[in-house]
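J.: Here you go, one structure.
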Amino acid sequence: MFKKFFLIIFFVLITINAYSLEKIIIVDVDYLLNKSKAGTNIQEQLKKKNDNRIKKLKSKDKEFKDKESKLIAQKNILSKEDFKNKADALKKEIINFNSNNKKELDLTQKKRNEAVSKLLVEINKLLIDYSKKNEISMILDKKNVIISKNENDITEEILGLLNNKVSKIKVD
């Protein structure tokens, strides 16, 4: 008798669907970083800085090639020692320029990371406020979710709130 009662209870419990009262939503953080006003503003600022750096790099490259061709043209006129000294000076100038260019590139990357971090802080604040107002227990990044209903994705709603709150983040 006890076994029958236990089996009935067991099968009844297995067949009951469990419903969770917790709300779980999904947000595509990469989409917010790339498509928000602040995110596109950061990208535009970085593109402008990069374009200026490339323009400067091409100008210096042309200058170095001109100096090299002038030096090669003077090879027969100059003594070996003078030619070697001028060639060494040109090499040092090129090495110094490349070193400064690398430092500038690293600094730009650091500024980019800082600007993205500021934007992520703003997104995090917004998500915390949103979750408190709407009684949401868990927010997941879309890249960490395999399958979900579209109604659980609130990326567009958060994008609208983010665009209203933050439109620019300075990259400096």
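As shown in the structure tokens, the chain order sets the letters A, B, ...; within each chain, residues go from 1, and ligands are also counted from 1 in the order they appear.
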Could you list, as JSON, numbers by chain, every residue within 12 Å of range 22-29 of chain A, counting only C-alpha atoms and ignoring same-chain residues fewer than 2 positions away?

T.: {"A": [18, 19, 20, 31, 32, 33, 34, 35, 36, 39, 116, 119, 120, 121, 122, 123, 124, 126, 127, 130, 131, 132, 134, 135, 136, 137, 138, 139, 140, 141, 142, 143, 144, 145, 146, 147, 148, 149, 150, 151, 152, 153, 154, 155, 156, 157, 158, 159, 162]}

J.: Can you pull out every residue within 9 Å of Asn41 in chain A, counting only C-alpha atoms, but drop anything in the same chain fewer than 5 positions away, and send it as a ChimeraX atom specification?

T.: /A:36,46,167-170

J.: Which of these residues is nearest to Lys67 in chain A, using only C-alpha atoms: A:Asn113, A:Asn101, A:Ala87, A:Val166?

T.: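 Looking at the shortest contact to Lys67 in chain A, the residue is A:Ala87.
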
J.: Write down as a list in words the residues of range 18-169 of chain A whose backbone DSSP state falls under strand (DSSP E or B).

T.: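 The residues of range 18-169 of chain A classed as strand (DSSP E or B) are Ile24, Ile25, Ile26, Val27, Met138, Ile139, Leu140, Asp141 and Asp153 of chain A.
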
J.: Check which residues of range 102-156 of chain A sit at most 10 Å from range 50-54 of chain A using only C-alpha atoms, and return one row each with the closest pair of atoms and their distance in Å to one decimal, ordered by chain and rising number, as CSV.

T.:
residue,atom,partner,partner_atom,distance
A:Glu104,CA,A:Arg53,CA,8.6
A:Leu105,CA,A:Asn50,CA,8.6
A:Thr108,CA,A:Asn50,CA,8.4

J.: Could you tell me which of A:Glu68, A:Glu81, A:Glu114, A:Asp106 comes closest to Ile94 in chain A if we count only C-alpha atoms?

T.: A:Glu68

J.: Provide the CA of Ala38 in chain A to CA of Lys165 in chain A distance in Å, to one decimal place.

T.: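 For CA of Ala38 in chain A relative to CA of Lys165 in chain A, the distance reads 9.5 Å.
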
J.: My list of candidates is A:Val171, A:Ala89, A:Leu78, A:Ile128. Which is closest to Ala115 in chain A when distances are computed with only C-alpha atoms?

T.: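 Smallest distance to Ala115 in chain A is found for A:Val171.
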